[in-house]
file my_file.txt (compact mmCIF, C-alpha atoms)
# COMPACT_ATOMS: atom_id res chain seq x y z
CA MET D 1 30.88 -3.03 -39.29
CA THR D 2 29.27 -3.05 -42.70
CA LYS D 3 31.39 -1.78 -45.54
CA SER D 4 29.81 0.38 -48.21
CA SER D 5 29.13 -1.38 -51.49
CA LYS D 6 31.42 1.12 -53.25
CA GLU D 7 34.26 0.15 -50.93
CA VAL D 8 33.59 -3.57 -51.47
CA GLU D 9 33.15 -3.30 -55.24
CA GLU D 10 35.65 -0.63 -56.27
CA GLY D 11 38.27 -0.79 -53.54
CA LEU D 12 41.49 -2.76 -53.22
CA ALA D 13 40.83 -3.96 -49.67
CA PHE D 14 40.18 -7.70 -49.52
CA ILE D 15 37.01 -8.09 -47.44
CA PRO D 16 35.82 -11.65 -48.17
CA LYS D 17 32.17 -12.12 -47.25
CA PHE D 18 31.68 -15.47 -45.54
CA ASP D 19 28.13 -16.81 -45.28
CA ALA D 20 26.23 -17.72 -42.10
CA ASP D 21 28.23 -20.98 -41.92
CA GLY D 22 31.53 -19.10 -42.25
CA LEU D 23 32.08 -20.26 -45.84
CA ILE D 24 32.75 -18.65 -49.20
CA THR D 25 32.11 -20.28 -52.59
CA ALA D 26 35.19 -21.13 -54.66
CA VAL D 27 34.95 -21.85 -58.39
CA VAL D 28 37.90 -23.78 -59.73
CA THR D 29 38.85 -23.74 -63.40
CA ASP D 30 41.63 -25.49 -65.28
CA ALA D 31 44.13 -22.75 -66.15
CA LYS D 32 44.89 -24.41 -69.49
CA SER D 33 41.46 -25.48 -70.80
CA GLY D 34 39.25 -22.95 -69.00
CA ASP D 35 36.90 -25.79 -68.00
CA VAL D 36 35.24 -25.61 -64.62
CA LEU D 37 36.75 -28.44 -62.57
CA MET D 38 34.73 -28.09 -59.37
CA VAL D 39 32.84 -25.80 -57.03
CA ALA D 40 33.96 -25.98 -53.41
CA HIS D 41 33.91 -23.90 -50.24
CA MET D 42 36.55 -22.28 -48.08
CA ASN D 43 36.42 -21.16 -44.50
CA GLU D 44 38.72 -18.40 -43.28
CA GLU D 45 41.53 -20.85 -42.47
CA ALA D 46 41.35 -22.62 -45.85
CA LEU D 47 41.49 -19.26 -47.61
CA ARG D 48 44.48 -18.14 -45.54
CA LYS D 49 46.34 -21.39 -46.23
CA THR D 50 45.57 -21.17 -49.95
CA ILE D 51 46.94 -17.62 -50.16
CA ALA D 52 50.04 -18.44 -48.11
CA SER D 53 50.91 -21.71 -49.86
CA GLY D 54 49.65 -21.19 -53.43
CA GLU D 55 47.96 -24.60 -53.19
CA ALA D 56 44.22 -25.04 -52.85
CA TRP D 57 42.74 -25.76 -49.44
CA TYR D 58 38.99 -26.12 -48.89
CA TYR D 59 36.50 -26.82 -46.16
CA SER D 60 34.51 -30.01 -46.60
CA ARG D 61 30.89 -29.45 -45.58
CA SER D 62 30.19 -33.20 -45.49
CA ARG D 63 33.27 -34.10 -43.44
CA LYS D 64 33.19 -30.80 -41.51
CA ALA D 65 36.93 -30.53 -41.84
CA LEU D 66 39.67 -28.47 -43.41
CA TRP D 67 40.89 -30.24 -46.49
CA ARG D 68 44.07 -29.86 -48.51
CA LYS D 69 43.04 -30.76 -52.05
CA GLY D 70 45.02 -33.79 -53.16
CA GLU D 71 46.03 -34.78 -49.63
CA THR D 72 44.87 -38.39 -50.17
CA SER D 73 44.92 -38.67 -53.97
CA GLY D 74 48.02 -36.62 -54.68
CA HIS D 75 45.90 -34.58 -57.13
CA VAL D 76 47.04 -31.24 -55.75
CA GLN D 77 45.90 -27.93 -57.28
CA ARG D 78 48.60 -25.32 -57.78
CA VAL D 79 46.87 -21.94 -57.87
CA ILE D 80 47.91 -19.85 -60.87
CA GLU D 81 45.55 -17.00 -60.10
CA LEU D 82 43.04 -16.23 -57.37
CA ARG D 83 40.32 -13.67 -58.00
CA VAL D 84 37.39 -12.29 -56.04
CA ASP D 85 34.08 -11.07 -57.45
CA CYS D 86 32.38 -7.68 -57.24
CA ASP D 87 30.59 -8.19 -53.92
CA GLN D 88 33.43 -10.34 -52.55
CA ASP D 89 31.28 -13.38 -51.79
CA ALA D 90 32.80 -15.71 -54.38
CA LEU D 91 36.35 -16.71 -55.38
CA TRP D 92 37.72 -17.93 -58.69
CA LEU D 93 40.83 -20.13 -58.67
CA ARG D 94 42.62 -20.80 -61.95
CA VAL D 95 44.65 -23.90 -61.16
CA ASP D 96 47.24 -26.22 -62.56
CA GLN D 97 45.56 -29.52 -61.67
CA GLN D 98 48.14 -32.17 -60.79
CA GLY D 99 47.33 -35.78 -61.66
CA PRO D 100 44.52 -37.08 -63.84
CA GLY D 101 41.55 -35.29 -62.34
CA ALA D 102 39.81 -33.14 -59.75
CA CYS D 103 36.61 -35.13 -59.16
CA HIS D 104 36.32 -37.81 -56.49
CA THR D 105 34.38 -39.95 -59.02
CA GLY D 106 37.53 -40.29 -61.13
CA ARG D 107 36.77 -37.66 -63.78
CA ARG D 108 38.86 -34.68 -64.79
CA SER D 109 35.98 -32.32 -63.84
CA CYS D 110 32.97 -32.70 -61.54
CA PHE D 111 30.81 -31.38 -64.39
CA TYR D 112 30.55 -34.51 -66.57
CA ARG D 113 26.82 -34.38 -67.32
CA ALA D 114 24.84 -31.92 -69.44
CA ILE D 115 21.18 -30.96 -69.37
CA ALA D 116 19.42 -30.70 -72.74
CA LEU D 117 18.00 -27.22 -73.33
CA GLY D 118 14.62 -26.31 -74.82
CA LYS D 119 12.79 -28.88 -72.69
CA THR D 120 9.63 -28.10 -70.75
CA GLY D 121 8.75 -31.54 -69.42
CA ALA D 122 10.92 -34.15 -67.72
CA VAL D 123 14.60 -33.34 -67.94
CA THR D 124 17.32 -35.94 -68.23
CA LEU D 125 21.07 -35.76 -68.29
CA GLU D 126 23.62 -36.93 -70.81
CA PHE D 127 27.26 -37.71 -70.20
CA ARG D 128 29.86 -35.23 -71.52
CA ASP D 129 33.62 -35.78 -71.08
CA ALA D 130 32.66 -38.44 -68.54
CA GLU D 131 35.45 -40.94 -69.08
CA LYS D 132 37.03 -41.91 -65.79
CA GLN D 133 40.68 -40.85 -65.66
CA PHE D 134 41.51 -42.77 -62.52
CA ASP D 135 39.98 -45.43 -60.28
CA PRO D 136 38.62 -43.72 -57.19
CA ASP D 137 38.47 -46.98 -55.23
CA SER D 138 42.19 -47.54 -55.49
CA VAL D 139 43.16 -43.85 -55.15
CA TYR D 140 41.08 -43.20 -52.04
CA THR D 141 41.48 -46.50 -50.24
CA LYS D 142 43.63 -46.01 -47.20
CA LYS D 143 46.66 -48.26 -47.53
CA MET X 1 13.25 -39.29 -50.12
CA THR X 2 17.01 -39.31 -50.20
CA LYS X 3 18.65 -40.64 -53.33
CA SER X 4 21.72 -42.80 -53.03
CA SER X 5 24.98 -41.08 -53.87
CA LYS X 6 25.57 -43.60 -56.66
CA GLU X 7 22.25 -42.61 -58.23
CA VAL X 8 23.02 -38.90 -57.88
CA GLU X 9 26.62 -39.19 -59.13
CA GLU X 10 26.46 -41.88 -61.80
CA GLY X 11 22.84 -41.72 -62.99
CA LEU X 12 21.17 -39.77 -65.75
CA ALA X 13 18.27 -38.53 -63.63
CA PHE X 14 18.42 -34.80 -63.01
CA ILE X 15 17.94 -34.37 -59.25
CA PRO X 16 19.13 -30.81 -58.52
CA LYS X 17 19.89 -30.31 -54.85
CA PHE X 18 18.59 -26.95 -53.70
CA ASP X 19 19.89 -25.58 -50.40
CA ALA X 20 17.85 -24.63 -47.32
CA ASP X 21 16.82 -21.39 -49.07
CA GLY X 22 15.69 -23.30 -52.18
CA LEU X 23 18.69 -22.15 -54.23
CA ILE X 24 21.42 -23.80 -56.27
CA THR X 25 24.76 -22.18 -57.19
CA ALA X 26 25.29 -21.37 -60.87
CA VAL X 27 28.76 -20.68 -62.27
CA VAL X 28 28.70 -18.78 -65.53
CA THR X 29 31.61 -18.86 -67.98
CA ASP X 30 32.09 -17.15 -71.32
CA ALA X 31 31.78 -19.92 -73.93
CA LYS X 32 34.48 -18.28 -76.06
CA SER X 33 37.15 -17.21 -73.56
CA GLY X 34 36.46 -19.71 -70.77
CA ASP X 35 36.60 -16.85 -68.24
CA VAL X 36 34.27 -16.99 -65.27
CA LEU X 37 31.79 -14.14 -65.77
CA MET X 38 29.78 -14.46 -62.56
CA VAL X 39 28.48 -16.71 -59.83
CA ALA X 40 24.73 -16.51 -59.26
CA HIS X 41 21.89 -18.56 -57.81
CA MET X 42 18.79 -20.17 -59.24
CA ASN X 43 15.61 -21.26 -57.56
CA GLU X 44 13.49 -24.02 -59.08
CA GLU X 45 11.57 -21.59 -61.29
CA ALA X 46 14.70 -19.85 -62.60
CA LEU X 47 16.20 -23.22 -63.47
CA ARG X 48 13.05 -24.35 -65.24
CA LYS X 49 12.86 -21.11 -67.26
CA THR X 50 16.55 -21.35 -68.18
CA ILE X 51 16.14 -24.91 -69.47
CA ALA X 52 12.95 -24.09 -71.38
CA SER X 53 14.16 -20.83 -72.94
CA GLY X 54 17.91 -21.38 -73.36
CA GLU X 55 18.45 -17.97 -71.78
CA ALA X 56 19.77 -17.49 -68.25
CA TRP X 57 17.35 -16.73 -65.44
CA TYR X 58 18.49 -16.35 -61.83
CA TYR X 59 17.11 -15.61 -58.41
CA SER X 60 18.39 -12.43 -56.83
CA ARG X 61 19.03 -12.97 -53.13
CA SER X 62 19.29 -9.21 -52.50
CA ARG X 63 16.11 -8.30 -54.38
CA LYS X 64 14.35 -11.58 -53.44
CA ALA X 65 13.04 -11.88 -56.96
CA LEU X 66 13.26 -13.96 -60.09
CA TRP X 67 15.52 -12.22 -62.54
CA ARG X 68 15.95 -12.65 -66.27
CA LYS X 69 19.60 -11.77 -66.89
CA GLY X 70 19.75 -8.76 -69.19
CA GLU X 71 16.14 -7.74 -68.57
CA THR X 72 17.15 -4.14 -67.79
CA SER X 73 20.54 -3.89 -69.48
CA GLY X 74 19.84 -5.99 -72.58
CA HIS X 75 22.95 -8.01 -71.70
CA VAL X 76 21.20 -11.35 -72.10
CA GLN X 77 23.06 -14.66 -71.71
CA ARG X 78 22.33 -17.28 -74.35
CA VAL X 79 23.13 -20.66 -72.80
CA ILE X 80 25.37 -22.78 -75.01
CA GLU X 81 25.68 -25.62 -72.54
CA LEU X 82 24.31 -26.35 -69.07
CA ARG X 83 26.05 -28.90 -66.87
CA VAL X 84 25.54 -30.25 -63.37
CA ASP X 85 28.24 -31.45 -60.99
CA CYS X 86 28.77 -34.84 -59.35
CA ASP X 87 26.56 -34.28 -56.30
CA GLN X 88 24.11 -32.13 -58.27
CA ASP X 89 24.37 -29.09 -56.03
CA ALA X 90 26.05 -26.78 -58.56
CA LEU X 91 25.41 -25.81 -62.17
CA TRP X 92 27.81 -24.62 -64.87
CA LEU X 93 26.46 -22.44 -67.66
CA ARG X 94 28.64 -21.81 -70.72
CA VAL X 95 27.08 -18.71 -72.23
CA ASP X 96 27.22 -16.42 -75.19
CA GLN X 97 27.17 -13.10 -73.33
CA GLN X 98 25.26 -10.47 -75.29
CA GLY X 99 26.42 -6.87 -74.98
CA PRO X 100 29.61 -5.55 -73.41
CA GLY X 101 29.52 -7.31 -70.06
CA ALA X 102 27.95 -9.44 -67.35
CA CYS X 103 28.80 -7.43 -64.23
CA HIS X 104 26.55 -4.72 -62.83
CA THR X 105 29.67 -2.60 -62.20
CA GLY X 106 30.21 -2.29 -65.95
CA ARG X 107 32.91 -4.93 -66.39
CA ARG X 108 32.90 -7.94 -68.69
CA SER X 109 33.28 -10.28 -65.67
CA CYS X 110 32.52 -9.86 -61.97
CA PHE X 111 36.03 -11.19 -61.22
CA TYR X 112 38.11 -8.08 -61.98
CA ARG X 113 40.43 -8.19 -58.95
CA ALA X 114 43.18 -10.66 -58.06
CA ILE X 115 44.69 -11.59 -54.72
CA ALA X 116 48.48 -11.88 -54.57
CA LEU X 117 49.62 -15.36 -53.52
CA GLY X 118 52.42 -16.27 -51.14
CA LYS X 119 51.31 -13.68 -48.57
CA THR X 120 50.94 -14.41 -44.88
CA GLY X 121 50.15 -10.96 -43.53
CA ALA X 122 47.69 -8.35 -44.78
CA VAL X 123 46.28 -9.18 -48.17
CA THR X 124 45.39 -6.61 -50.79
CA LEU X 125 43.80 -6.79 -54.20
CA GLU X 126 44.97 -5.68 -57.59
CA PHE X 127 42.85 -4.89 -60.61
CA ARG X 128 42.89 -7.41 -63.50
CA ASP X 129 40.87 -6.88 -66.69
CA ALA X 130 39.00 -4.20 -64.76
CA GLU X 131 38.30 -1.72 -67.54
CA LYS X 132 34.65 -0.70 -67.53
CA GLN X 133 32.95 -1.78 -70.74
CA PHE X 134 29.75 0.17 -70.13
CA ASP X 135 28.42 2.85 -67.82
CA PRO X 136 26.21 1.16 -65.23
CA ASP X 137 24.54 4.45 -64.27
CA SER X 138 23.16 4.97 -67.76
CA VAL X 139 22.41 1.28 -68.45
CA TYR X 140 20.50 0.66 -65.22
CA THR X 141 18.73 4.00 -64.84
CA LYS X 142 15.02 3.56 -65.47
CA LYS X 143 14.06 5.80 -68.36
call {"tool": "encode", "arguments": {"input": "my_file.txt", "output": "structure tokens"}}
result
Amino acid sequence: MTKSSKEVEEGLAFIPKFDADGLITAVVTDAKSGDVLMVAHMNEEALRKTIASGEAWYYSRSRKALWRKGETSGHVQRVIELRVDCDQDALWLRVDQQGPGACHTGRRSCFYRAIALGKTGAVTLEFRDAEKQFDPDSVYTKK
Amino acid sequence: MTKSSKEVEEGLAFIPKFDADGLITAVVTDAKSGDVLMVAHMNEEALRKTIASGEAWYYSRSRKALWRKGETSGHVQRVIELRVDCDQDALWLRVDQQGPGACHTGRRSCFYRAIALGKTGAVTLEFRDAEKQFDPDSVYTKK
């Protein structure tokens, strides 16, 4: 049953809109700095577990598995606030990031490279806040 | 040709990964407040125009059309910084939002409702920062 856009946009019923793969986009920001830490996806179960526990759960598209953030690394995300957007197809998590970082490469944020603006030809990246905060090889190696 | 994950994650070549529909997710935050304003999508052309002009262009999935943000409303987004994430399948735009708001409903941000945490049963929303900053009917009505 399709809900009217007024109901979805102006109502207080939570009607998350999962995509064809059963996923919804989740933007994660650091509650203190406001920086975007990562963009991930949730399936219905990950969303339910996040709401119930107050800790972030996602669905890994590459591993095709439910994933409790920080399960291996200990870098858990405590959710300070969870919001949904106007058409209810995206979520915003403001989190208290435990440990040194959110990114599997060892950085605080997954967004450690910037694109120079005002370019029309070939575009290259430059590092921004790209210092590694932890060693992914040692953190993710199964003991 | 598939690039190695090391090249994608640690290199300075910009290799945006568009999905099966030719789109990449763009998270937009207010450069001043750090709040997430919206989540949108770009196709290759929207991304190219954004980089060249320093103003945000998107691709509207509902209208199936390239879309210069603020074209109708005047609520243009000047891009302060554009970043890409580790696996290059998401973009983060820090913008200077012109005009009263980014959301087509009249709010500053599209994320004007929060979900209470710690719930296991039925979940409802509550308004947060949901005051309308402009009247969408007058802003979007073609003169």
call {"tool": "interface_residues", "arguments": {"input": "my_file.txt", "of": "chain D", "to": "chain X", "cutoff": "6 Å", "atoms": "all atoms listed in the file", "output": "mmCIF file with C-alpha atoms, in the frame of the given file"}}
result
data_model
loop_
_atom_site.group_PDB
_atom_site.id
_atom_site.type_symbol
_atom_site.label_atom_id
_atom_site.label_comp_id
_atom_site.auth_asym_id
_atom_site.auth_seq_id
_atom_site.Cartn_x
_atom_site.Cartn_y
_atom_site.Cartn_z
ATOM 1 C CA LEU D 12 41.490 -2.760 -53.220
ATOM 2 C CA ALA D 13 40.830 -3.960 -49.670
ATOM 3 C CA PHE D 14 40.180 -7.700 -49.520
ATOM 4 C CA GLY D 34 39.250 -22.950 -69.000
ATOM 5 C CA ILE D 51 46.940 -17.620 -50.160
ATOM 6 C CA ALA D 52 50.040 -18.440 -48.110
ATOM 7 C CA SER D 53 50.910 -21.710 -49.860
ATOM 8 C CA GLY D 54 49.650 -21.190 -53.430
ATOM 9 C CA LEU D 82 43.040 -16.230 -57.370
ATOM 10 C CA ARG D 83 40.320 -13.670 -58.000
ATOM 11 C CA VAL D 84 37.390 -12.290 -56.040
ATOM 12 C CA ASP D 85 34.080 -11.070 -57.450
ATOM 13 C CA CYS D 86 32.380 -7.680 -57.240
ATOM 14 C CA CYS D 110 32.970 -32.700 -61.540
ATOM 15 C CA PHE D 111 30.810 -31.380 -64.390
ATOM 16 C CA ARG D 113 26.820 -34.380 -67.320
ATOM 17 C CA ALA D 114 24.840 -31.920 -69.440
ATOM 18 C CA ILE D 115 21.180 -30.960 -69.370
ATOM 19 C CA LEU D 117 18.000 -27.220 -73.330
ATOM 20 C CA GLY D 118 14.620 -26.310 -74.820
ATOM 21 C CA LYS D 119 12.790 -28.880 -72.690
ATOM 22 C CA THR D 120 9.630 -28.100 -70.750
ATOM 23 C CA THR D 124 17.320 -35.940 -68.230
ATOM 24 C CA LEU D 125 21.070 -35.760 -68.290
#
call {"tool": "atom_distance", "arguments": {"input": "my_file.txt", "atom1": "atom CA of Ser60 of chain D", "atom2": "atom CA of Ala20 of chain X"}}
result
17.5 Å
call {"tool": "atom_distance", "arguments": {"input": "my_file.txt", "atom1": "atom CA of Val76 of chain D", "atom2": "atom CA of Arg108 of chain D"}}
result
12.7 Å
call {"tool": "atom_distance", "arguments": {"input": "my_file.txt", "atom1": "atom CA of Val95 of chain D", "atom2": "atom CA of Val8 of chain X"}}
result
26.5 Å
call {"tool": "residues_around", "arguments": {"input": "my_file.txt", "residues": "segment 64-74 of chain D", "least_positions_apart": "4", "cutoff": "8 Å", "atoms": "all atoms listed in the file", "output": "VMD selection string"}}
result
chain D and resid 45 to 46 55 to 60 98 to 99 139 to 140
call {"tool": "residues_around", "arguments": {"input": "my_file.txt", "residues": "Gly22 of chain D", "least_positions_apart": "5", "cutoff": "9 Å", "atoms": "all atoms listed in the file", "output": "count of residues only"}}
result
4
call {"tool": "build_atoms", "arguments": {"input": "my_file.txt", "residues": "segment 62-73 of chain X", "atoms": "all heavy atoms", "output": "compact mmCIF listing (two decimals), keeping the file's coordinate frame"}}
result
# COMPACT_ATOMS: atom_id res chain seq x y z
N SER X 62 19.44 -10.55 -53.08
CA SER X 62 19.29 -9.21 -52.50
C SER X 62 17.89 -8.65 -52.80
O SER X 62 17.25 -8.08 -51.93
CB SER X 62 20.38 -8.27 -53.00
OG SER X 62 20.40 -8.24 -54.41
N ARG X 63 17.42 -8.85 -54.02
CA ARG X 63 16.11 -8.30 -54.38
C ARG X 63 14.98 -9.28 -54.09
O ARG X 63 13.82 -8.96 -54.24
CB ARG X 63 16.11 -7.90 -55.87
CG ARG X 63 16.90 -6.62 -56.13
CD ARG X 63 16.85 -6.19 -57.59
NE ARG X 63 17.75 -6.98 -58.42
CZ ARG X 63 17.42 -7.67 -59.49
NH1 ARG X 63 16.16 -7.71 -59.88
NH2 ARG X 63 18.32 -8.36 -60.17
N LYS X 64 15.33 -10.52 -53.70
CA LYS X 64 14.35 -11.58 -53.44
C LYS X 64 13.36 -11.71 -54.59
O LYS X 64 12.14 -11.70 -54.38
CB LYS X 64 13.61 -11.34 -52.11
CG LYS X 64 14.54 -11.33 -50.88
CD LYS X 64 13.73 -11.30 -49.60
CE LYS X 64 14.55 -10.87 -48.39
NZ LYS X 64 15.87 -11.49 -48.26
N ALA X 65 13.91 -11.84 -55.78
CA ALA X 65 13.04 -11.88 -56.96
C ALA X 65 13.69 -12.68 -58.08
O ALA X 65 14.91 -12.71 -58.22
CB ALA X 65 12.77 -10.45 -57.44
N LEU X 66 12.83 -13.31 -58.87
CA LEU X 66 13.26 -13.96 -60.09
C LEU X 66 13.81 -12.88 -61.02
O LEU X 66 13.32 -11.74 -61.01
CB LEU X 66 12.03 -14.62 -60.73
CG LEU X 66 12.29 -15.67 -61.80
CD1 LEU X 66 12.88 -16.92 -61.18
CD2 LEU X 66 10.99 -16.00 -62.52
N TRP X 67 14.79 -13.26 -61.81
CA TRP X 67 15.52 -12.22 -62.54
C TRP X 67 15.99 -12.82 -63.87
O TRP X 67 16.74 -13.77 -63.89
CB TRP X 67 16.66 -11.78 -61.63
CG TRP X 67 17.89 -11.21 -62.22
CD1 TRP X 67 17.98 -10.25 -63.18
CD2 TRP X 67 19.25 -11.51 -61.83
NE1 TRP X 67 19.29 -9.95 -63.41
CE2 TRP X 67 20.09 -10.69 -62.61
CE3 TRP X 67 19.82 -12.38 -60.90
CZ2 TRP X 67 21.48 -10.74 -62.49
CZ3 TRP X 67 21.20 -12.42 -60.79
CH2 TRP X 67 22.02 -11.61 -61.57
N ARG X 68 15.47 -12.24 -64.96
CA ARG X 68 15.95 -12.65 -66.27
C ARG X 68 17.19 -11.82 -66.56
O ARG X 68 17.11 -10.59 -66.67
CB ARG X 68 14.89 -12.40 -67.35
CG ARG X 68 15.38 -12.75 -68.74
CD ARG X 68 14.28 -12.67 -69.79
NE ARG X 68 14.84 -12.70 -71.13
CZ ARG X 68 14.99 -11.64 -71.92
NH1 ARG X 68 14.56 -10.45 -71.54
NH2 ARG X 68 15.55 -11.76 -73.12
N LYS X 69 18.34 -12.49 -66.66
CA LYS X 69 19.60 -11.77 -66.89
C LYS X 69 19.50 -10.94 -68.16
O LYS X 69 19.14 -11.46 -69.22
CB LYS X 69 20.74 -12.80 -67.01
CG LYS X 69 22.10 -12.21 -67.32
CD LYS X 69 22.66 -11.42 -66.17
CE LYS X 69 23.96 -10.72 -66.55
NZ LYS X 69 24.37 -9.73 -65.54
N GLY X 70 19.80 -9.65 -68.04
CA GLY X 70 19.75 -8.76 -69.19
C GLY X 70 18.41 -8.07 -69.37
O GLY X 70 18.22 -7.32 -70.33
N GLU X 71 17.48 -8.32 -68.44
CA GLU X 71 16.14 -7.74 -68.57
C GLU X 71 16.20 -6.21 -68.65
O GLU X 71 15.53 -5.60 -69.49
CB GLU X 71 15.28 -8.17 -67.37
CG GLU X 71 13.82 -7.80 -67.52
CD GLU X 71 12.95 -8.67 -66.61
OE1 GLU X 71 13.47 -9.22 -65.62
OE2 GLU X 71 11.75 -8.80 -66.92
N THR X 72 17.02 -5.60 -67.79
CA THR X 72 17.15 -4.14 -67.79
C THR X 72 18.23 -3.68 -68.76
O THR X 72 18.03 -2.76 -69.54
CB THR X 72 17.52 -3.64 -66.37
OG1 THR X 72 16.61 -4.19 -65.43
CG2 THR X 72 17.48 -2.12 -66.30
N SER X 73 19.37 -4.34 -68.72
CA SER X 73 20.54 -3.89 -69.48
C SER X 73 20.53 -4.34 -70.94
O SER X 73 21.25 -3.78 -71.76
CB SER X 73 21.81 -4.44 -68.82
OG SER X 73 21.83 -5.86 -68.89
